[in-house]
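J.: my_file.cif (mmCIF, C-alpha atoms) pasted underneath:
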```cif
data_coords
#
loop_
_atom_site.label_atom_id
_atom_site.label_comp_id
_atom_site.auth_asym_id
_atom_site.auth_seq_id
_atom_site.Cartn_x
_atom_site.Cartn_y
_atom_site.Cartn_z
CA MET A 1 -68.39 -51.82 102.89
CA SER A 2 -69.42 -55.54 102.86
CA PRO A 3 -71.50 -55.49 99.69
CA SER A 4 -74.39 -57.89 99.29
CA ARG A 5 -73.78 -61.06 97.34
CA LYS A 6 -77.29 -60.84 95.90
CA LYS A 7 -78.00 -59.59 92.41
CA ARG A 8 -79.73 -56.44 93.47
CA GLY A 9 -79.14 -53.11 91.78
CA GLU A 10 -80.03 -49.52 92.19
CA GLN A 11 -78.90 -46.02 91.91
CA ARG A 12 -78.44 -43.90 94.98
CA SER A 13 -77.43 -40.53 96.24
CA GLY A 14 -73.72 -41.07 96.16
CA ASP A 15 -73.88 -43.27 99.22
CA GLU A 16 -70.85 -45.35 99.32
CA PRO A 17 -69.91 -48.69 98.13
CA HIS A 18 -71.32 -51.67 99.77
CA ARG A 19 -74.52 -49.74 99.68
CA ALA A 20 -75.75 -50.02 96.15
CA GLU A 21 -76.55 -46.52 95.04
CA LYS A 22 -80.07 -45.48 94.41
CA ARG A 23 -80.17 -43.56 91.14
CA GLU A 24 -82.45 -45.44 88.73
CA ALA A 25 -82.79 -44.30 85.17
CA SER A 26 -85.64 -41.94 84.44
CA GLY A 27 -86.60 -39.91 81.42
CA ALA A 28 -84.45 -36.92 80.57
CA GLY A 29 -85.85 -33.80 82.08
CA ALA A 30 -88.54 -35.72 83.93
CA GLY A 31 -90.41 -33.22 86.03
CA GLY A 32 -89.59 -29.54 86.20
CA ALA A 33 -87.49 -27.37 88.41
CA THR A 34 -89.26 -26.37 91.58
CA ARG A 35 -88.01 -23.33 93.39
CA SER A 36 -88.53 -22.91 97.09
CA LYS A 37 -88.25 -19.63 98.92
CA ARG A 38 -86.30 -18.96 102.04
CA ALA A 39 -88.28 -19.60 105.14
CA PRO A 40 -89.58 -16.26 106.39
CA GLY A 41 -88.14 -15.07 109.63
CA ARG A 42 -85.39 -17.68 109.67
CA THR A 43 -81.75 -16.69 110.10
CA SER A 44 -79.09 -19.10 108.92
CA TYR A 45 -76.19 -20.09 111.12
CA ALA A 46 -73.87 -18.51 108.58
CA SER A 47 -75.59 -15.12 108.75
CA ARG A 48 -74.99 -15.15 112.47
CA GLY A 49 -71.28 -15.71 111.95
CA GLY A 50 -71.49 -19.21 113.37
CA ALA A 51 -72.07 -17.92 116.88
CA ALA A 52 -73.63 -20.42 119.23
CA VAL A 53 -77.15 -19.44 120.20
CA ALA A 54 -77.85 -22.41 122.45
CA ALA A 55 -75.96 -24.83 124.60
CA ALA A 56 -73.53 -26.86 122.51
CA PRO A 57 -74.73 -30.42 121.89
CA ASP A 58 -72.91 -33.21 123.66
CA GLU A 59 -70.89 -34.63 120.77
CA THR A 60 -69.92 -37.74 122.68
CA ALA A 61 -73.55 -38.45 123.48
CA ARG A 62 -74.44 -37.95 119.82
CA GLU A 63 -71.86 -40.48 118.71
CA LYS A 64 -73.20 -42.99 121.19
CA GLU A 65 -76.54 -42.73 119.39
CA TYR A 66 -75.03 -43.97 116.14
CA PRO A 67 -76.36 -47.49 115.55
CA LYS A 68 -73.95 -50.40 115.49
CA PRO A 69 -74.46 -53.88 114.08
CA PRO A 70 -76.53 -55.89 114.41
CA LEU A 71 -78.88 -53.48 112.63
CA PRO A 72 -82.58 -54.27 112.18
CA LYS A 73 -83.50 -56.62 109.37
CA GLN A 74 -85.26 -54.65 106.66
CA HIS A 75 -85.73 -54.43 102.94
CA GLN A 76 -87.17 -51.94 100.48
CA GLU A 77 -87.83 -52.23 96.79
CA SER A 78 -85.61 -50.06 94.64
CA PRO A 79 -85.36 -47.13 94.84
CA GLY A 80 -85.46 -46.99 98.62
CA LEU A 81 -86.59 -43.98 100.61
CA GLU A 82 -84.84 -42.50 103.62
CA SER A 83 -88.18 -41.98 105.35
CA ARG A 84 -88.58 -45.76 105.56
CA VAL A 85 -85.12 -46.65 106.88
CA THR A 86 -84.91 -47.89 110.48
CA PRO A 87 -83.17 -46.38 112.33
CA ARG A 88 -83.27 -43.15 110.34
CA PRO A 89 -79.89 -42.00 109.00
CA LYS A 90 -78.53 -39.01 110.90
CA PHE A 91 -77.90 -35.94 108.77
CA GLU A 92 -78.74 -32.85 110.86
CA ALA A 93 -75.28 -32.56 112.49
CA PRO A 94 -76.38 -30.62 115.61
CA ALA A 95 -72.78 -30.29 116.81
CA TYR A 96 -71.68 -28.63 113.56
CA LYS A 97 -71.23 -24.87 114.02
CA ALA A 98 -71.20 -22.79 110.84
CA ALA A 99 -68.71 -20.02 110.16
CA GLY A 100 -70.10 -18.50 106.97
CA LYS A 101 -67.64 -20.44 104.83
CA LEU A 102 -70.06 -20.64 101.88
CA GLN A 103 -71.96 -17.40 102.48
CA GLY A 104 -73.65 -16.22 99.28
CA LYS A 105 -72.56 -19.28 97.26
CA ALA A 106 -74.78 -21.40 95.01
CA ALA A 107 -74.34 -25.18 94.83
CA LEU A 108 -75.74 -27.98 92.67
CA ILE A 109 -75.78 -31.42 94.31
CA THR A 110 -76.70 -34.56 92.38
CA GLY A 111 -78.29 -37.27 94.49
CA GLY A 112 -79.21 -34.56 96.97
CA ASP A 113 -82.48 -36.06 98.14
CA SER A 114 -81.09 -38.42 100.78
CA GLY A 115 -78.02 -40.01 102.30
CA ILE A 116 -74.76 -38.13 101.91
CA GLY A 117 -76.32 -35.73 99.40
CA ARG A 118 -78.97 -34.59 101.88
CA ALA A 119 -76.41 -34.10 104.65
CA VAL A 120 -74.23 -32.03 102.30
CA ALA A 121 -77.20 -29.89 101.27
CA VAL A 122 -78.04 -29.14 104.90
CA LEU A 123 -74.48 -28.19 105.88
CA TYR A 124 -74.01 -26.09 102.75
CA ALA A 125 -77.17 -24.20 103.66
CA ARG A 126 -75.98 -23.78 107.23
CA GLU A 127 -72.75 -22.30 105.87
CA GLY A 128 -74.76 -19.78 103.84
CA ALA A 129 -75.21 -21.38 100.41
CA ASP A 130 -78.36 -21.75 98.34
CA VAL A 131 -78.63 -25.20 96.79
CA ALA A 132 -80.24 -27.12 93.93
CA ILE A 133 -80.61 -30.88 94.21
CA VAL A 134 -80.94 -33.51 91.49
CA TYR A 135 -82.84 -36.73 92.25
CA LEU A 136 -85.13 -39.32 90.66
CA PRO A 137 -88.82 -38.49 90.36
CA GLN A 138 -89.57 -41.56 92.50
CA GLU A 139 -87.64 -39.88 95.31
CA GLN A 140 -89.82 -36.77 95.39
CA SER A 141 -90.87 -37.23 99.03
CA ASP A 142 -87.23 -37.49 100.16
CA ALA A 143 -86.34 -34.42 98.08
CA GLU A 144 -89.12 -32.40 99.65
CA GLU A 145 -87.88 -33.31 103.13
CA THR A 146 -84.38 -32.19 102.17
CA ARG A 147 -85.86 -28.92 100.94
CA ARG A 148 -87.61 -28.38 104.28
CA HIS A 149 -84.34 -28.78 106.15
CA VAL A 150 -82.49 -26.45 103.78
CA GLU A 151 -85.23 -23.85 104.23
CA ALA A 152 -84.97 -24.28 107.99
CA GLU A 153 -81.38 -23.06 107.65
CA GLY A 154 -82.72 -19.93 105.96
CA ARG A 155 -81.65 -20.78 102.41
CA THR A 156 -83.23 -21.55 99.04
CA CYS A 157 -83.56 -25.07 97.65
CA VAL A 158 -84.36 -25.80 93.98
CA LEU A 159 -85.67 -29.28 93.12
CA LEU A 160 -84.52 -30.82 89.82
CA PRO A 161 -85.96 -34.31 89.20
CA GLY A 162 -84.34 -36.34 86.42
CA ASP A 163 -81.67 -38.87 85.46
CA VAL A 164 -77.98 -37.92 85.42
CA GLY A 165 -77.36 -40.77 82.99
CA ASP A 166 -78.85 -38.59 80.25
CA ALA A 167 -76.51 -35.92 78.87
CA GLY A 168 -79.38 -33.67 77.84
CA PHE A 169 -80.84 -33.69 81.32
CA CYS A 170 -77.42 -32.84 82.80
CA ARG A 171 -77.12 -29.78 80.60
CA ASP A 172 -80.69 -28.75 81.37
CA ALA A 173 -80.28 -29.26 85.12
CA VAL A 174 -77.13 -27.13 85.28
CA ALA A 175 -78.76 -24.36 83.24
CA ARG A 176 -81.88 -24.37 85.43
CA ALA A 177 -79.86 -24.42 88.65
CA ALA A 178 -77.79 -21.43 87.53
CA ARG A 179 -80.90 -19.59 86.42
CA GLU A 180 -82.94 -20.29 89.56
CA LEU A 181 -80.07 -19.57 91.96
CA GLY A 182 -78.69 -16.66 89.95
CA LYS A 183 -75.26 -18.28 89.52
CA LEU A 184 -73.31 -21.48 90.21
CA ASP A 185 -70.20 -21.75 92.37
CA ILE A 186 -70.09 -25.38 93.50
CA LEU A 187 -70.87 -28.67 91.76
CA VAL A 188 -71.16 -31.85 93.82
CA ASN A 189 -71.27 -34.98 91.64
CA ASN A 190 -72.77 -37.50 94.04
CA ALA A 191 -75.35 -39.66 92.22
CA ALA A 192 -74.40 -43.20 91.20
CA TYR A 193 -75.73 -46.58 90.09
CA GLN A 194 -74.74 -49.95 91.54
CA HIS A 195 -75.77 -53.55 90.95
CA ASN A 196 -74.17 -56.36 92.93
CA VAL A 197 -73.31 -59.59 91.11
CA ASP A 198 -71.49 -62.79 92.04
CA SER A 199 -69.63 -63.33 88.77
CA LEU A 200 -68.30 -61.47 85.75
CA ALA A 201 -70.58 -63.69 83.70
CA ASP A 202 -73.56 -62.07 85.45
CA VAL A 203 -72.65 -58.54 84.36
CA THR A 204 -74.79 -57.86 81.31
CA ASP A 205 -73.85 -55.40 78.59
CA GLU A 206 -76.86 -53.33 79.62
CA GLN A 207 -75.74 -53.20 83.25
CA TRP A 208 -72.17 -52.29 82.29
CA ASP A 209 -73.37 -49.46 80.05
CA ARG A 210 -75.84 -48.16 82.61
CA THR A 211 -73.28 -48.11 85.42
CA PHE A 212 -70.75 -46.21 83.34
CA ARG A 213 -73.38 -43.87 81.89
CA THR A 214 -74.52 -42.86 85.36
CA ASN A 215 -71.34 -42.98 87.42
CA ILE A 216 -68.74 -41.48 85.11
CA TYR A 217 -70.56 -40.15 82.04
CA GLY A 218 -72.95 -38.29 84.36
CA TYR A 219 -70.04 -36.71 86.22
CA PHE A 220 -68.43 -35.71 82.93
CA HIS A 221 -71.60 -34.19 81.48
CA MET A 222 -72.40 -32.29 84.69
CA ALA A 223 -68.86 -30.91 84.97
CA LYS A 224 -68.74 -29.93 81.29
CA ALA A 225 -72.06 -28.10 81.51
CA ALA A 226 -71.08 -26.40 84.78
CA LEU A 227 -67.89 -24.90 83.32
CA GLU A 228 -69.97 -22.27 81.55
CA HIS A 229 -71.00 -20.93 84.96
CA LEU A 230 -68.04 -21.67 87.25
CA GLY A 231 -65.32 -19.07 87.74
CA GLU A 232 -62.27 -18.38 89.87
CA GLY A 233 -62.74 -19.77 93.36
CA SER A 234 -65.34 -22.32 92.27
CA ALA A 235 -65.15 -25.98 93.25
CA ILE A 236 -66.16 -29.38 91.90
CA ILE A 237 -66.42 -32.21 94.42
CA ASN A 238 -66.90 -35.80 93.25
CA THR A 239 -68.02 -38.79 95.30
CA GLY A 240 -65.68 -41.74 94.92
CA SER A 241 -65.50 -44.94 96.94
CA ILE A 242 -63.20 -47.27 98.79
CA THR A 243 -64.04 -49.79 96.06
CA GLY A 244 -62.33 -47.51 93.55
CA LEU A 245 -59.11 -47.94 95.52
CA GLU A 246 -59.33 -51.54 96.71
CA GLY A 247 -61.79 -53.05 94.24
CA SER A 248 -64.69 -55.35 95.12
CA LYS A 249 -65.35 -58.82 93.73
CA ASP A 250 -69.12 -58.25 93.79
CA LEU A 251 -68.99 -54.75 92.29
CA LEU A 252 -66.94 -55.17 89.13
CA ASP A 253 -68.50 -52.40 87.06
CA TYR A 254 -69.18 -50.09 89.99
CA SER A 255 -65.61 -50.35 91.28
CA ALA A 256 -64.28 -49.63 87.81
CA THR A 257 -66.36 -46.45 87.59
CA LYS A 258 -65.26 -45.31 91.03
CA GLY A 259 -61.63 -45.79 90.01
CA ALA A 260 -62.43 -43.76 86.91
CA ILE A 261 -63.93 -41.01 89.08
CA HIS A 262 -60.72 -40.82 91.09
CA ALA A 263 -58.63 -40.52 87.91
CA PHE A 264 -61.12 -38.05 86.40
CA THR A 265 -60.82 -35.92 89.56
CA LYS A 266 -57.03 -35.75 89.35
CA SER A 267 -57.02 -35.10 85.61
CA LEU A 268 -59.73 -32.44 85.72
CA ALA A 269 -57.94 -30.75 88.61
CA GLN A 270 -54.84 -30.41 86.43
CA ASN A 271 -56.96 -29.19 83.53
CA LEU A 272 -58.71 -26.46 85.52
CA VAL A 273 -56.02 -25.32 87.94
CA GLU A 274 -55.08 -22.31 85.79
CA LYS A 275 -58.73 -21.23 85.87
CA ARG A 276 -58.55 -21.32 89.68
CA ILE A 277 -61.29 -23.97 89.81
CA ARG A 278 -60.49 -26.70 92.31
CA VAL A 279 -61.53 -30.36 91.83
CA ASN A 280 -61.45 -32.90 94.64
CA CYS A 281 -63.03 -36.21 95.63
CA VAL A 282 -64.46 -37.76 98.81
CA ALA A 283 -64.16 -41.56 98.89
CA PRO A 284 -66.13 -43.04 101.82
CA GLY A 285 -66.42 -46.54 103.16
CA PRO A 286 -69.76 -47.87 104.48
CA VAL A 287 -72.41 -45.23 105.21
CA TRP A 288 -75.90 -45.88 106.62
CA THR A 289 -78.34 -44.73 103.93
CA PRO A 290 -81.55 -45.89 102.18
CA LEU A 291 -79.33 -47.73 99.76
CA ASN A 292 -78.58 -50.52 102.20
CA PRO A 293 -82.04 -52.01 102.77
CA SER A 294 -82.92 -51.56 99.09
CA ALA A 295 -79.70 -53.16 97.80
CA LYS A 296 -79.66 -56.15 100.12
CA GLU A 297 -81.94 -58.90 101.30
CA ALA A 298 -83.22 -58.28 104.82
CA ASP A 299 -80.92 -60.95 106.27
CA ASP A 300 -77.84 -59.22 104.80
CA VAL A 301 -78.45 -55.83 106.43
CA PRO A 302 -77.70 -56.45 110.15
CA GLU A 303 -73.89 -56.75 109.83
CA PHE A 304 -73.47 -53.77 107.51
CA GLY A 305 -70.33 -51.85 108.48
CA ALA A 306 -69.31 -54.33 111.16
CA ASP A 307 -66.00 -55.05 109.43
CA THR A 308 -64.65 -51.49 109.89
CA PRO A 309 -62.26 -50.77 112.79
CA MET A 310 -65.01 -48.62 114.36
CA LYS A 311 -67.37 -51.61 114.07
CA ARG A 312 -70.18 -49.57 112.48
CA PRO A 313 -71.14 -47.71 109.32
CA ALA A 314 -70.71 -43.96 109.15
CA GLN A 315 -73.70 -41.64 109.40
CA PRO A 316 -74.18 -39.11 106.56
CA GLU A 317 -73.57 -36.20 108.96
CA GLU A 318 -70.07 -37.59 109.62
CA ILE A 319 -69.21 -37.52 105.91
CA ALA A 320 -70.73 -34.18 104.89
CA PRO A 321 -68.13 -31.88 106.57
CA ALA A 322 -65.52 -33.15 104.10
CA TYR A 323 -67.63 -31.68 101.29
CA VAL A 324 -67.75 -28.35 103.12
CA PHE A 325 -63.98 -28.47 103.48
CA PHE A 326 -63.43 -28.99 99.76
CA ALA A 327 -66.01 -26.34 98.79
CA SER A 328 -64.60 -23.69 101.13
CA ASN A 329 -61.75 -21.51 99.90
CA ALA A 330 -61.12 -20.56 103.51
CA ASP A 331 -60.24 -24.19 104.23
CA SER A 332 -58.83 -25.67 101.03
CA SER A 333 -57.75 -22.92 98.64
CA TYR A 334 -54.43 -24.74 98.05
CA ILE A 335 -55.96 -28.21 97.68
CA THR A 336 -56.96 -29.70 94.34
CA GLY A 337 -56.76 -33.16 92.78
CA GLU A 338 -57.08 -34.96 96.12
CA VAL A 339 -59.03 -38.13 96.96
CA LEU A 340 -59.95 -38.09 100.65
CA THR A 341 -60.85 -41.47 102.16
CA LEU A 342 -63.23 -41.68 105.14
CA LEU A 343 -63.06 -45.29 106.25
CA GLY A 344 -63.88 -45.58 109.94
CA GLY A 345 -60.31 -46.32 111.00
CA GLU A 346 -59.18 -48.37 108.02
CA THR A 347 -55.69 -47.21 106.98
CA THR A 348 -54.71 -49.44 104.05
CA ALA A 349 -56.46 -47.58 101.20
CA GLY A 350 -55.32 -44.47 99.41
#
```
Do you think you could lay out the structure here as structure tokens?
T.:
Amino acid sequence: MSPSRKKRGEQRSGDEPHRAEKREASGAGAGGATRSKRAPGRTSYASRGGAAVAAAPDETAREKEYPKPPLPKQHQESPGLESRVTPRPKFEAPAYKAAGKLQGKAALITGGDSGIGRAVAVLYAREGADVAIVYLPQEQSDAEETRRHVEAEGRTCVLLPGDVGDAGFCRDAVARAARELGKLDILVNNAAYQHNVDSLADVTDEQWDRTFRTNIYGYFHMAKAALEHLGEGSAIINTGSITGLEGSKDLLDYSATKGAIHAFTKSLAQNLVEKRIRVNCVAPGPVWTPLNPSAKEADDVPEFGADTPMKRPAQPEEIAPAYVFFASNADSSYITGEVLTLLGGETTAG
């Protein structure tokens, strides 16, 4: 992704590399679980068996709408909000037709308020799953918008504000999600913290600890807590990064954690295979999310994603189907321990 050379840091909803991720530390258990009810009178795509009820969207026309560099100059203070990004990231995936692949499932998604996490929440709901999303209290407005879109698909959305860098919050969030949804079948570890620096000398002990606490400790604590609720046919999906495969000179600690996530995915997959719980990882390249304008100076934003073969960053709705694939036993029952790269035409990683 072309990370910023500036010393800007933030935690984000699993949005990939060169987009510092927007998950800032907050107190353990900050805020309480908020349960939403299914929108009355709404029928999900999944409950209709994925049948088209309107003219199919023109997928080619949709792709032509995806913005290419130069993107507008813009900057937000950390943590950024998706509602303030111009142009708005695309997450609704109108061309995606559901087939009931996750009908009756319950999923917990960290970093589910915006970016990739929001797009995953929407597609999971379209496929028939109820969801719970973890996010920072400062991101409440983004989380509420995600909830509205999940409800529009006819499913339930539970809001769980807090910091995944705190082990106690992770345990509490998993317990509340399972209680509010009635069970837990899918865990998506997607939240992360990133802080760009120019030199190893600029990486403080505090930054190093915070990055590891959020990006890999958080994944570990969430997975460990979820095991009490997951059973045969369940799935854990982690968000990795191209930087975990190729490294990044400006993202020393972040790249190290993403490499650790890839190894954790493969190791945990081996550990859980006899329990019939699959563990996989999605490792994107540049994705257009709130992370970009909050991680970079305004002058650094316009060329974001320009160095990919497709000459643009991905949109969250282009990444989310990979998470459906890994969550669905109909699609990937024989797949575990994989790291899937989504790099806009780049073929040298992985």
J.: Go through the shown structure with the PyMOL selection byres ((chain A and resi 280-282) around 7) and write out the matching residues as a list of chain:residue names.
T.: A:Ile236, A:Ile237, A:Asn238, A:Thr239, A:Gly240, A:His262, A:Thr265, A:Arg278, A:Val279, A:Ala283, A:Pro284, A:Phe326, A:Thr336, A:Gly337, A:Glu338, A:Val339, A:Leu340, A:Thr341
J.: Mind dumping the selected residues with C-alpha atoms as a PDB file, in the coordinates of the input?
T.:
```pdb
ATOM      1  CA  ILE A 236     -66.160 -29.380  91.900  1.00  0.00           C
ATOM      2  CA  ILE A 237     -66.420 -32.210  94.420  1.00  0.00           C
ATOM      3  CA  ASN A 238     -66.900 -35.800  93.250  1.00  0.00           C
ATOM      4  CA  THR A 239     -68.020 -38.790  95.300  1.00  0.00           C
ATOM      5  CA  GLY A 240     -65.680 -41.740  94.920  1.00  0.00           C
ATOM      6  CA  HIS A 262     -60.720 -40.820  91.090  1.00  0.00           C
ATOM      7  CA  THR A 265     -60.820 -35.920  89.560  1.00  0.00           C
ATOM      8  CA  ARG A 278     -60.490 -26.700  92.310  1.00  0.00           C
ATOM      9  CA  VAL A 279     -61.530 -30.360  91.830  1.00  0.00           C
ATOM     10  CA  ALA A 283     -64.160 -41.560  98.890  1.00  0.00           C
ATOM     11  CA  PRO A 284     -66.130 -43.040 101.820  1.00  0.00           C
ATOM     12  CA  PHE A 326     -63.430 -28.990  99.760  1.00  0.00           C
ATOM     13  CA  THR A 336     -56.960 -29.700  94.340  1.00  0.00           C
ATOM     14  CA  GLY A 337     -56.760 -33.160  92.780  1.00  0.00           C
ATOM     15  CA  GLU A 338     -57.080 -34.960  96.120  1.00  0.00           C
ATOM     16  CA  VAL A 339     -59.030 -38.130  96.960  1.00  0.00           C
ATOM     17  CA  LEU A 340     -59.950 -38.090 100.650  1.00  0.00           C
ATOM     18  CA  THR A 341     -60.850 -41.470 102.160  1.00  0.00           C
TER      19      THR A 341
END
```
J.: Counting all atoms listed in the file, figure out which residue out of A:Ala322, A:Met222, A:Ala106, A:Leu181 gets nearest to A:Ala125.
T.: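 The shortest atom-to-atom distance to A:Ala125 comes from A:Ala106.
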J.: Using the chain letters and numbers from the file, give me the residues hit by the PyMOL selection byres ((chain A and resi 307) around 12), as JSON, numbers by chain.
T.: {"A": [1, 2, 3, 18, 68, 69, 70, 285, 286, 302, 303, 304, 305, 306, 308, 309, 310, 311, 312, 313, 343, 344, 345, 346]}
J.: Using the chain letters and numbers from the file, give me the residues hit by the PyMOL selection byres ((chain A and resi 157) around 7), as an mmCIF file with C-alpha atoms, keeping the file's coordinate frame.
T.:
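The resulting file, part.cif, is shown below:
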```
data_model
loop_
_atom_site.group_PDB
_atom_site.id
_atom_site.type_symbol
_atom_site.label_atom_id
_atom_site.label_comp_id
_atom_site.auth_asym_id
_atom_site.auth_seq_id
_atom_site.Cartn_x
_atom_site.Cartn_y
_atom_site.Cartn_z
ATOM 1 C CA ARG A 35 -88.010 -23.330 93.390
ATOM 2 C CA SER A 36 -88.530 -22.910 97.090
ATOM 3 C CA ASP A 130 -78.360 -21.750 98.340
ATOM 4 C CA VAL A 131 -78.630 -25.200 96.790
ATOM 5 C CA ALA A 132 -80.240 -27.120 93.930
ATOM 6 C CA ARG A 147 -85.860 -28.920 100.940
ATOM 7 C CA VAL A 150 -82.490 -26.450 103.780
ATOM 8 C CA GLU A 151 -85.230 -23.850 104.230
ATOM 9 C CA ARG A 155 -81.650 -20.780 102.410
ATOM 10 C CA THR A 156 -83.230 -21.550 99.040
ATOM 11 C CA VAL A 158 -84.360 -25.800 93.980
ATOM 12 C CA LEU A 159 -85.670 -29.280 93.120
#
```
J.: Please determine, counting all atoms listed in the file, which residue among A:Thr289, A:Thr110, A:Tyr124, A:Pro137 has the shortest atom-to-atom distance to A:Gly218.
T.: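 Between A:Thr289, A:Thr110, A:Tyr124, A:Pro137, the residue approaching A:Gly218 most closely is A:Thr110.
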J.: Let me have the centre and edge lengths of the axis-aligned box enclosing all listed atoms of stretch 213-225 of chain A with 4 Å padding on every side, in Å to one decimal, as AutoDock Vina command-line options.
T.:
```
--center_x -71.5 --center_y -36.0 --center_z 84.4 --size_x 14.1 --size_y 23.8 --size_z 14.1
```
J.: Between atom CA of A:His229 and atom CA of A:Ile133, what is the distance in Å, rounded to a tenth?
T.: 16.6 Å
J.: Could I get stretch 199-251 of chain A from the block written out with C-alpha atoms, as an mmCIF file, in the first residue's frame?
T.:
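This went into out22.cif:
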```
data_model
loop_
_atom_site.group_PDB
_atom_site.id
_atom_site.type_symbol
_atom_site.label_atom_id
_atom_site.label_comp_id
_atom_site.auth_asym_id
_atom_site.auth_seq_id
_atom_site.Cartn_x
_atom_site.Cartn_y
_atom_site.Cartn_z
ATOM 1 C CA SER A 199 13.373 4.895 11.425
ATOM 2 C CA LEU A 200 13.751 2.066 13.909
ATOM 3 C CA ALA A 201 15.019 4.698 16.322
ATOM 4 C CA ASP A 202 11.563 6.318 16.192
ATOM 5 C CA VAL A 203 9.735 3.197 17.371
ATOM 6 C CA THR A 204 9.204 3.694 21.091
ATOM 7 C CA ASP A 205 8.819 0.848 23.557
ATOM 8 C CA GLU A 206 5.263 2.050 24.160
ATOM 9 C CA GLN A 207 4.417 1.943 20.456
ATOM 10 C CA TRP A 208 5.950 -1.519 20.033
ATOM 11 C CA ASP A 209 3.974 -2.885 22.981
ATOM 12 C CA ARG A 210 0.734 -1.263 21.864
ATOM 13 C CA THR A 211 1.011 -2.575 18.309
ATOM 14 C CA PHE A 212 1.645 -6.127 19.475
ATOM 15 C CA ARG A 213 -0.994 -5.934 22.208
ATOM 16 C CA THR A 214 -3.654 -4.925 19.690
ATOM 17 C CA ASN A 215 -2.644 -6.772 16.541
ATOM 18 C CA ILE A 216 -1.582 -10.173 17.812
ATOM 19 C CA TYR A 217 -2.431 -10.326 21.527
ATOM 20 C CA GLY A 218 -5.962 -9.173 20.684
ATOM 21 C CA TYR A 219 -6.324 -11.916 18.083
ATOM 22 C CA PHE A 220 -5.034 -14.487 20.568
ATOM 23 C CA HIS A 221 -7.343 -13.380 23.390
ATOM 24 C CA MET A 222 -10.396 -13.238 21.108
ATOM 25 C CA ALA A 223 -9.702 -16.687 19.659
ATOM 26 C CA LYS A 224 -9.039 -18.217 23.082
ATOM 27 C CA ALA A 225 -12.265 -16.809 24.504
ATOM 28 C CA ALA A 226 -14.256 -17.873 21.428
ATOM 29 C CA LEU A 227 -13.193 -21.522 21.706
ATOM 30 C CA GLU A 228 -15.658 -21.994 24.547
ATOM 31 C CA HIS A 229 -18.478 -21.294 22.099
ATOM 32 C CA LEU A 230 -17.201 -22.535 18.724
ATOM 33 C CA GLY A 231 -17.943 -26.076 17.603
ATOM 34 C CA GLU A 232 -17.648 -28.315 14.568
ATOM 35 C CA GLY A 233 -18.111 -26.317 11.384
ATOM 36 C CA SER A 234 -17.123 -23.025 13.009
ATOM 37 C CA ALA A 235 -14.580 -20.671 11.479
ATOM 38 C CA ILE A 236 -12.005 -18.109 12.561
ATOM 39 C CA ILE A 237 -10.895 -15.577 9.944
ATOM 40 C CA ASN A 238 -7.966 -13.257 10.623
ATOM 41 C CA THR A 239 -7.011 -10.095 8.753
ATOM 42 C CA GLY A 240 -3.380 -10.102 7.691
ATOM 43 C CA SER A 241 -1.572 -7.787 5.297
ATOM 44 C CA ILE A 242 0.747 -7.649 2.338
ATOM 45 C CA THR A 243 3.239 -6.068 4.744
ATOM 46 C CA GLY A 244 3.315 -9.333 6.679
ATOM 47 C CA LEU A 245 4.611 -11.040 3.535
ATOM 48 C CA GLU A 246 6.817 -8.372 1.988
ATOM 49 C CA GLY A 247 7.591 -6.137 4.967
ATOM 50 C CA SER A 248 7.513 -2.336 4.974
ATOM 51 C CA LYS A 249 10.337 -0.004 5.946
ATOM 52 C CA ASP A 250 7.893 2.488 7.488
ATOM 53 C CA LEU A 251 5.834 -0.118 9.346
#
```
